[in-house]
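Dumped input-v7.cif below, it's mmCIF, C-alpha atoms:
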data_input
loop_
_atom_site.label_atom_id
_atom_site.label_comp_id
_atom_site.auth_asym_id
_atom_site.auth_seq_id
_atom_site.Cartn_x
_atom_site.Cartn_y
_atom_site.Cartn_z
CA MET H 97 119.19 105.97 125.23
CA ASN H 98 120.28 109.34 123.85
CA VAL H 99 118.61 110.24 120.54
CA ASP H 100 120.25 113.04 118.56
CA GLU H 101 117.93 115.22 116.50
CA THR H 102 119.33 117.37 113.69
CA GLU H 103 117.34 119.79 111.51
CA LEU H 104 118.14 119.36 107.83
CA PRO H 105 117.08 122.66 106.19
CA GLY H 106 114.79 122.11 103.22
CA LEU H 107 114.81 118.35 103.74
CA GLY H 108 113.45 117.37 107.17
CA VAL H 109 114.82 116.00 110.44
CA ARG H 110 117.51 113.40 111.16
CA LYS H 111 117.02 111.33 114.33
CA ASP H 112 119.67 108.82 115.34
CA PHE H 113 121.51 107.12 118.19
CA ILE H 114 124.65 105.07 118.70
CA THR H 115 124.08 101.40 119.49
CA ALA H 116 125.97 99.46 122.15
CA SER H 117 128.10 98.00 119.35
CA GLY H 118 129.15 101.52 118.28
CA ARG H 119 127.09 101.91 115.12
CA ARG H 120 124.92 104.92 114.44
CA ILE H 121 121.43 104.02 113.28
CA GLY H 122 118.63 106.41 112.52
CA VAL H 123 115.97 107.87 110.32
CA VAL H 124 115.74 110.95 108.17
CA GLU H 125 112.11 112.10 108.23
CA ASN H 126 111.53 114.04 105.02
CA ARG H 127 109.05 116.92 104.85
CA GLU H 128 107.01 115.01 102.23
CA GLY H 129 106.21 112.29 104.80
CA ASP H 130 108.51 109.53 103.63
CA ALA H 131 111.62 108.47 105.51
CA GLU H 132 115.04 106.97 105.05
CA LEU H 133 116.55 104.41 107.41
CA PHE H 134 120.34 104.53 107.66
CA VAL H 135 123.15 102.61 109.33
CA SER H 136 126.72 103.87 109.75
CA THR H 137 129.91 101.98 109.03
CA TRP H 138 131.64 100.20 111.92
CA ASP H 139 134.67 102.48 111.98
CA ASP H 140 133.00 105.87 111.42
CA PRO H 141 129.58 106.72 112.91
CA ASP H 142 129.29 109.63 110.44
CA THR H 143 129.74 107.50 107.30
CA CYS H 144 126.61 105.82 105.96
CA GLN H 145 126.97 102.14 105.09
CA ALA H 146 123.35 101.46 104.18
CA SER H 147 120.42 103.68 103.38
CA ILE H 148 116.91 102.39 102.75
CA PRO H 149 114.14 104.69 101.55
CA LEU H 150 110.78 104.00 103.23
CA THR H 151 107.30 105.21 102.38
CA ALA H 152 105.21 106.54 105.26
CA ASP H 153 103.37 103.18 105.40
CA GLU H 154 106.63 101.21 105.40
CA ALA H 155 108.07 103.38 108.18
CA ALA H 156 104.90 102.88 110.24
CA THR H 157 105.04 99.11 109.68
CA LEU H 158 108.70 98.98 110.74
CA GLY H 159 107.83 101.00 113.84
CA ASN H 160 105.01 98.58 114.62
CA LEU H 161 107.30 95.59 114.24
CA LEU H 162 109.97 97.02 116.53
CA GLY H 163 107.50 98.41 119.07
CA GLY H 164 105.40 95.26 119.02
CA GLN H 165 108.50 93.17 119.71
CA HIS H 166 109.27 95.31 122.76
CA ILE H 167 105.73 94.92 124.11
CA ALA H 168 105.73 91.18 123.41
CA MET H 169 109.07 90.74 125.20
CA ARG H 170 107.81 92.61 128.27
CA LEU H 171 104.61 90.56 128.35
CA ALA H 172 106.56 87.34 127.91
CA GLU H 173 108.78 88.34 130.84
CA ALA H 174 105.71 89.09 132.96
CA HIS H 175 104.15 85.70 132.11
CA ARG H 176 107.36 83.67 132.32
CA GLU H 177 106.44 82.19 135.67
CA ILE H 178 102.91 81.23 134.59
CA PRO H 179 103.08 77.79 132.98
CA GLY H 180 101.37 77.46 129.61
CA ILE H 181 100.94 81.20 128.95
CA VAL H 182 102.57 82.49 125.76
CA THR H 183 102.70 85.89 124.04
CA ARG H 184 102.64 86.22 120.25
CA GLN H 185 102.23 88.92 117.62
CA PHE H 186 99.94 88.75 114.60
CA SER H 187 100.11 91.06 111.62
CA ILE H 188 96.97 92.01 109.73
CA THR H 189 97.87 91.28 106.11
CA ALA H 190 96.12 92.24 102.88
CA ASP H 191 94.56 88.78 102.56
CA SER H 192 93.04 88.76 106.06
CA PRO H 193 89.22 88.72 105.94
CA PHE H 194 89.24 91.17 108.86
CA VAL H 195 91.01 94.11 107.17
CA ASN H 196 88.82 97.20 107.71
CA GLN H 197 86.48 95.19 109.93
CA PRO H 198 85.79 95.55 113.67
CA MET H 199 88.10 93.29 115.70
CA GLY H 200 85.06 91.76 117.42
CA LYS H 201 83.90 90.30 114.11
CA ALA H 202 86.78 87.80 114.29
CA ARG H 203 85.60 86.62 117.76
CA VAL H 204 89.18 85.60 118.56
CA ARG H 205 88.64 85.32 122.31
CA THR H 206 85.42 83.31 121.98
CA ARG H 207 86.81 80.96 119.34
CA SER H 208 90.37 80.47 120.63
CA GLY H 209 90.50 81.65 124.26
CA VAL H 210 93.21 84.16 123.31
CA SER H 211 93.19 87.77 124.51
CA ILE H 212 94.33 90.59 122.23
CA VAL H 213 96.05 92.88 124.72
CA ALA H 214 97.32 95.63 122.40
CA ILE H 215 97.46 96.79 118.81
CA MET H 216 100.52 98.52 117.35
CA ARG H 217 99.42 100.96 114.65
CA GLU H 218 101.58 103.55 112.92
CA GLY H 219 104.06 103.57 115.78
CA GLU H 220 101.35 104.02 118.43
CA VAL H 221 100.06 101.49 120.96
CA VAL H 222 96.33 100.88 121.40
CA PRO H 223 96.17 99.09 124.78
CA SER H 224 93.26 96.78 125.64
CA PRO H 225 91.49 97.32 122.31
CA ALA H 226 87.70 97.17 122.36
CA PRO H 227 85.82 94.82 120.00
CA ASP H 228 84.59 97.77 117.91
CA ILE H 229 88.08 98.95 116.94
CA ILE H 230 88.56 98.65 113.18
CA LEU H 231 91.53 96.52 112.11
CA HIS H 232 93.76 98.07 109.44
CA LEU H 233 96.30 96.61 107.04
CA GLY H 234 99.66 96.47 108.83
CA ASP H 235 98.23 96.46 112.37
CA LEU H 236 100.28 94.30 114.71
CA LEU H 237 98.12 92.53 117.31
CA VAL H 238 99.79 91.45 120.56
CA ALA H 239 98.05 88.41 122.00
CA VAL H 240 98.32 86.27 125.15
CA GLY H 241 97.09 82.69 125.53
CA THR H 242 98.06 79.06 125.33
CA GLN H 243 100.20 77.82 122.44
CA GLU H 244 97.20 75.92 121.05
CA GLY H 245 94.95 78.97 121.39
CA LEU H 246 97.50 81.22 119.67
CA ASP H 247 97.80 78.76 116.79
CA SER H 248 94.01 78.85 116.47
CA ALA H 249 93.96 82.68 116.64
CA ALA H 250 96.57 82.83 113.85
CA ASP H 251 94.34 80.64 111.67
CA ILE H 252 91.28 82.76 112.46
CA LEU H 253 93.01 86.04 111.59
CA ARG H 254 94.47 84.53 108.40
CA ASN H 255 91.47 82.57 107.12
CA GLY H 256 88.37 83.75 108.96
#
Produce structure tokens that represent the structure in this file.
Amino acid sequence: MNVDETELPGLGVRKDFITASGRRIGVVENREGDAELFVSTWDDPDTCQASIPLTADEAATLGNLLGGQHIAMRLAEAHREIPGIVTRQFSITADSPFVNQPMGKARVRTRSGVSIVAIMREGEVVPSPAPDIILHLGDLLVAVGTQEGLDSAADILRNG
């Protein structure tokens, strides 16, 4: 995938690429730390059809969602031939009792048999997270286990 990067003097940096369907999609990273997601029109990759301003937190969350999906798809592919093994993503929301708590406090593996194999945070991957890693609002946890275990893990992370 070829990503074009263009300096925008006084504003920031534009990073974009052309999708297989011919649309240009990208982000303008402003110097202040916020960003703007944009999508071109179908007939002209240089004409913006949609533009969505994002705070730094929103941009990081979007990056986590997209990156987490990629990791989950690769894990699902790797486990496809193992009957009963499923991969799922869990988001740490504001109402989770484990926000700003060590992951080990949830005891997900002990209580559900599910393994948390990675955390997506601010566009970065934390592989094989240790129990002492602090969970933050917006973290995306990538987990592997049985369907029943993943349902139980979802309940644990949501309700304690």
Residue neighbourhood segment 210-218 of chain H, 7 Å, all atoms listed in the file, exclusion window fewer than 3 positions, as a PyMOL selection string | chain H and resi 156-157+159-160+164+204-205+221-225+235-241+245-246+249
On this structure, which residues satisfy the PyMOL selection byres ((chain H and resi 107-122) around 12), written as a count of residues only?
-> 38
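The interatomic distance for the pair atom CA of Pro193 of chain H and atom CA of Arg254 of chain H works out to 7.2 Å.
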Quick one: apply the PyMOL selection byres ((chain H and resi 255) around 9) to the file and drop the selected residues here as an MDAnalysis selection string.
-> chainID H and resid 191:193 250:254 256
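Atom CA of Arg207 of chain H is found 14.8 Å from atom CA of Phe194 of chain H.
Running the PyMOL selection byres ((chain H and resi 228) around 8) on this file leaves Pro198, Met199, Gly200, Ala226, Pro227, Ile229 and Ile230 of chain H selected.
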Okay, now the selection with C-alpha atoms, as a JSON list (two decimals), keeping the file's coordinate frame?
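result.json was written with the following content:
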[["chain", "number", "residue", "atom", "x", "y", "z"],
["H", 198, "PRO", "CA", 85.79, 95.55, 113.67],
["H", 199, "MET", "CA", 88.10, 93.29, 115.70],
["H", 200, "GLY", "CA", 85.06, 91.76, 117.42],
["H", 226, "ALA", "CA", 87.70, 97.17, 122.36],
["H", 227, "PRO", "CA", 85.82, 94.82, 120.00],
["H", 229, "ILE", "CA", 88.08, 98.95, 116.94],
["H", 230, "ILE", "CA", 88.56, 98.65, 113.18]]
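Omitting Leu231 of chain H and its sequence neighbours fewer than 2 positions away, and counting all atoms listed in the file, the residues within 6 Å are Val195, Asn196, Gln197 and Met199 of chain H.
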May I have the selected residues written with C-alpha atoms, as a tab-separated table (two decimals), keeping the file's coordinate frame?
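Once written, again_22.tsv looks like this:
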chain	number	residue	atom	x	y	z
H	195	VAL	CA	91.01	94.11	107.17
H	196	ASN	CA	88.82	97.20	107.71
H	197	GLN	CA	86.48	95.19	109.93
H	199	MET	CA	88.10	93.29	115.70
Calculate how many Å separate atom CA of Gln185 of chain H from atom CA of Glu220 of chain H, rounding to one decimal.
-> 15.1 Å
